[in-house]
Amino acid sequence: MIINPPRAFWALSAILVADGVSGNELWSQEGGATPTVSGWVVEHETRAPLEGARVTLGSAVEGRSFFETQIAGPEGTFFFVGVPPGRYEIAATLLGYTELLDTLEVRASSDLEVTLPLSVSPIPLEPVVVEVRRRPMGPLAGFDRRRLASTGTFFAREDIESRNPQEFTDLLRTVPGIRLVPTGTFGNRVYFRGGCTPTLWLDGAQVGSTVDIDSFLRPEDLEAVEIYSGADMPGEFGNTLCGAIVAWTR
């Protein structure tokens, strides 16, 4: 807290010293019969006024009942009227600043002006966690719809990652009705129940059969996979009797 020196500084200094108040203690300027306490709340570093600060003045002497709170105005100003003489505690608070607590002495027939500097204090906040789920666009937008309506087998990206397949056909090893036959050169050949070869759809376009599928379809490149037998086949992927593997790349 900064006490602003009064206009009659030199005339009052002798009186204050005689009363036992040093030159570094509170200064007051001569006023009317009813003392007032007024001043400004400012930012400590910039001295900019702090509007909205809460300023509380209360008697520090047991038995006195004066207690009042004001909100600093646009220029950081506050004004307490009719303050009985005595020792008081003054406090200034504002969100984002360290609370200021101090004491002051109000003398009879004297007004007091003070400046209350507040230091910036960071506000600790709980971390905010934002979870964003990517919404499929284009042809892949129907993946969730088909997964709810169909009896096919479905692998979303999280399913693929959890299985950690080394080859694409590693995803198919637990799918009922699928038989994998090593090609002898690279990966496996895929057969559905009855020994038929399913068609392959890639990003919504039919690209042929699943022969040597491991040679060009890598697990790390996939966003989703759908597997249908002939009876489960949605019309959008044809009407082959064997079935289809539908792959969506990332």
# chains A, B, ... in the order shown; residues from 1 in each chain; ligands from 1

call {"tool": "residues_around", "arguments": {"residues": "range 42-50 of chain A", "least_positions_apart": "2", "cutoff": "8 Å", "atoms": "only C-alpha atoms", "output": "compact mmCIF listing (two decimals) with C-alpha atoms, in the first residue's frame"}}
result
# COMPACT_ATOMS: atom_id res chain seq x y z
CA TRP A 40 -6.83 3.88 -6.08
CA GLY A 52 -13.56 -4.10 -10.31
CA ALA A 53 -11.14 -4.74 -7.46
CA ALA A 72 -13.19 -0.02 -7.43
CA PRO A 74 -13.28 2.64 -13.82
CA GLU A 75 -10.17 4.48 -12.63
CA GLY A 76 -9.56 1.99 -9.85
CA THR A 115 -2.75 3.68 -3.33
CA LEU A 116 -3.10 -0.11 -3.29
CA PRO A 117 -0.77 -1.86 -5.78
CA LEU A 118 -1.66 -5.45 -6.69
CA SER A 119 0.82 -7.91 -8.20
CA VAL A 120 -0.20 -10.31 -10.95

call {"tool": "residues_around", "arguments": {"residues": "range 224-236 of chain A", "least_positions_apart": "6", "cutoff": "7 Å", "atoms": "only C-alpha atoms", "output": "ChimeraX atom specification"}}
result
/A:150-157,242-248

call {"tool": "atom_distance", "arguments": {"atom1": "CA of Tyr191 in chain A", "atom2": "CA of Pro165 in chain A"}}
result
18.8 Å

call {"tool": "residues_around", "arguments": {"residues": "Thr93 in chain A", "least_positions_apart": "5", "cutoff": "7 Å", "atoms": "only C-alpha atoms", "output": "PyMOL selection string"}}
result
chain A and resi 53-55+99-100

call {"tool": "atom_distance", "arguments": {"atom1": "CA of Gly142 in chain A", "atom2": "CA of Arg250 in chain A"}}
result
15.2 Å

call {"tool": "closest_residue", "arguments": {"among": "A:Trp201, A:Tyr88, A:Phe168, A:Phe78", "to": "Ser59 in chain A", "atoms": "only C-alpha atoms"}}
result
A:Tyr88

call {"tool": "atom_distance", "arguments": {"atom1": "CA of Gly177 in chain A", "atom2": "CA of Leu140 in chain A"}}
result
25.1 Å

call {"tool": "decode", "arguments": {"residues": "range 69-92 of chain A", "atoms": "N, CA, C and O atoms", "output": "JSON list (two decimals), in the first residue's frame"}}
result
[["chain", "number", "residue", "atom", "x", "y", "z"],
["A", 69, "THR", "N", -17.34, -2.62, 2.37],
["A", 69, "THR", "CA", -16.69, -3.12, 1.16],
["A", 69, "THR", "C", -17.15, -2.31, -0.04],
["A", 69, "THR", "O", -18.34, -2.00, -0.16],
["A", 70, "GLN", "N", -16.21, -1.97, -0.93],
["A", 70, "GLN", "CA", -16.54, -1.26, -2.15],
["A", 70, "GLN", "C", -15.86, -1.95, -3.32],
["A", 70, "GLN", "O", -14.86, -2.66, -3.16],
["A", 71, "ILE", "N", -16.41, -1.71, -4.52],
["A", 71, "ILE", "CA", -15.81, -2.20, -5.76],
["A", 71, "ILE", "C", -15.19, -1.01, -6.47],
["A", 71, "ILE", "O", -15.86, 0.00, -6.71],
["A", 72, "ALA", "N", -13.90, -1.13, -6.80],
["A", 72, "ALA", "CA", -13.19, -0.02, -7.43],
["A", 72, "ALA", "C", -13.83, 0.35, -8.76],
["A", 72, "ALA", "O", -14.24, -0.51, -9.54],
["A", 73, "GLY", "N", -13.92, 1.66, -9.02],
["A", 73, "GLY", "CA", -14.54, 2.17, -10.24],
["A", 73, "GLY", "C", -13.63, 2.08, -11.45],
["A", 73, "GLY", "O", -12.56, 1.47, -11.42],
["A", 74, "PRO", "N", -14.03, 2.72, -12.56],
["A", 74, "PRO", "CA", -13.28, 2.64, -13.82],
["A", 74, "PRO", "C", -11.82, 3.08, -13.70],
["A", 74, "PRO", "O", -10.97, 2.57, -14.41],
["A", 75, "GLU", "N", -11.54, 4.03, -12.82],
["A", 75, "GLU", "CA", -10.17, 4.48, -12.63],
["A", 75, "GLU", "C", -9.50, 3.78, -11.46],
["A", 75, "GLU", "O", -8.45, 4.24, -10.97],
["A", 76, "GLY", "N", -10.11, 2.71, -10.99],
["A", 76, "GLY", "CA", -9.56, 1.99, -9.85],
["A", 76, "GLY", "C", -9.84, 2.68, -8.53],
["A", 76, "GLY", "O", -9.23, 2.33, -7.51],
["A", 77, "THR", "N", -10.77, 3.64, -8.50],
["A", 77, "THR", "CA", -10.99, 4.46, -7.31],
["A", 77, "THR", "C", -11.96, 3.82, -6.33],
["A", 77, "THR", "O", -12.86, 3.06, -6.72],
["A", 78, "PHE", "N", -11.79, 4.14, -5.07],
["A", 78, "PHE", "CA", -12.73, 3.76, -4.01],
["A", 78, "PHE", "C", -12.82, 4.91, -3.03],
["A", 78, "PHE", "O", -11.94, 5.77, -2.96],
["A", 79, "PHE", "N", -13.91, 4.97, -2.23],
["A", 79, "PHE", "CA", -14.16, 6.12, -1.37],
["A", 79, "PHE", "C", -15.02, 5.69, -0.19],
["A", 79, "PHE", "O", -16.19, 5.35, -0.36],
["A", 80, "PHE", "N", -14.44, 5.68, 1.01],
["A", 80, "PHE", "CA", -15.17, 5.35, 2.24],
["A", 80, "PHE", "C", -15.45, 6.65, 2.99],
["A", 80, "PHE", "O", -14.53, 7.42, 3.29],
["A", 81, "VAL", "N", -16.72, 6.87, 3.32],
["A", 81, "VAL", "CA", -17.14, 8.11, 3.98],
["A", 81, "VAL", "C", -17.53, 7.82, 5.43],
["A", 81, "VAL", "O", -18.08, 6.75, 5.73],
["A", 82, "GLY", "N", -17.25, 8.79, 6.31],
["A", 82, "GLY", "CA", -17.67, 8.67, 7.70],
["A", 82, "GLY", "C", -16.93, 7.59, 8.45],
["A", 82, "GLY", "O", -17.55, 6.80, 9.17],
["A", 83, "VAL", "N", -15.62, 7.54, 8.29],
["A", 83, "VAL", "CA", -14.81, 6.53, 8.97],
["A", 83, "VAL", "C", -14.37, 7.07, 10.33],
["A", 83, "VAL", "O", -13.66, 8.06, 10.41],
["A", 84, "PRO", "N", -14.78, 6.45, 11.43],
["A", 84, "PRO", "CA", -14.36, 6.93, 12.75],
["A", 84, "PRO", "C", -12.84, 6.83, 12.91],
["A", 84, "PRO", "O", -12.21, 5.94, 12.34],
["A", 85, "PRO", "N", -12.23, 7.72, 13.65],
["A", 85, "PRO", "CA", -10.78, 7.65, 13.87],
["A", 85, "PRO", "C", -10.40, 6.32, 14.52],
["A", 85, "PRO", "O", -11.16, 5.74, 15.30],
["A", 86, "GLY", "N", -9.23, 5.85, 14.17],
["A", 86, "GLY", "CA", -8.73, 4.60, 14.75],
["A", 86, "GLY", "C", -7.88, 3.83, 13.76],
["A", 86, "GLY", "O", -7.59, 4.30, 12.65],
["A", 87, "ARG", "N", -7.48, 2.63, 14.19],
["A", 87, "ARG", "CA", -6.63, 1.77, 13.34],
["A", 87, "ARG", "C", -7.53, 0.79, 12.58],
["A", 87, "ARG", "O", -8.43, 0.19, 13.16],
["A", 88, "TYR", "N", -7.23, 0.62, 11.29],
["A", 88, "TYR", "CA", -8.06, -0.21, 10.42],
["A", 88, "TYR", "C", -7.20, -1.18, 9.62],
["A", 88, "TYR", "O", -6.00, -0.94, 9.38],
["A", 89, "GLU", "N", -7.85, -2.24, 9.20],
["A", 89, "GLU", "CA", -7.26, -3.17, 8.23],
["A", 89, "GLU", "C", -7.93, -2.94, 6.89],
["A", 89, "GLU", "O", -9.15, -2.80, 6.80],
["A", 90, "ILE", "N", -7.11, -2.87, 5.84],
["A", 90, "ILE", "CA", -7.64, -2.68, 4.50],
["A", 90, "ILE", "C", -7.16, -3.84, 3.63],
["A", 90, "ILE", "O", -6.01, -4.29, 3.75],
["A", 91, "ALA", "N", -8.05, -4.32, 2.79],
["A", 91, "ALA", "CA", -7.72, -5.45, 1.92],
["A", 91, "ALA", "C", -8.22, -5.15, 0.51],
["A", 91, "ALA", "O", -9.29, -4.56, 0.33],
["A", 92, "ALA", "N", -7.44, -5.56, -0.48],
["A", 92, "ALA", "CA", -7.83, -5.40, -1.88],
["A", 92, "ALA", "C", -7.62, -6.73, -2.59],
["A", 92, "ALA", "O", -6.55, -7.33, -2.49]]
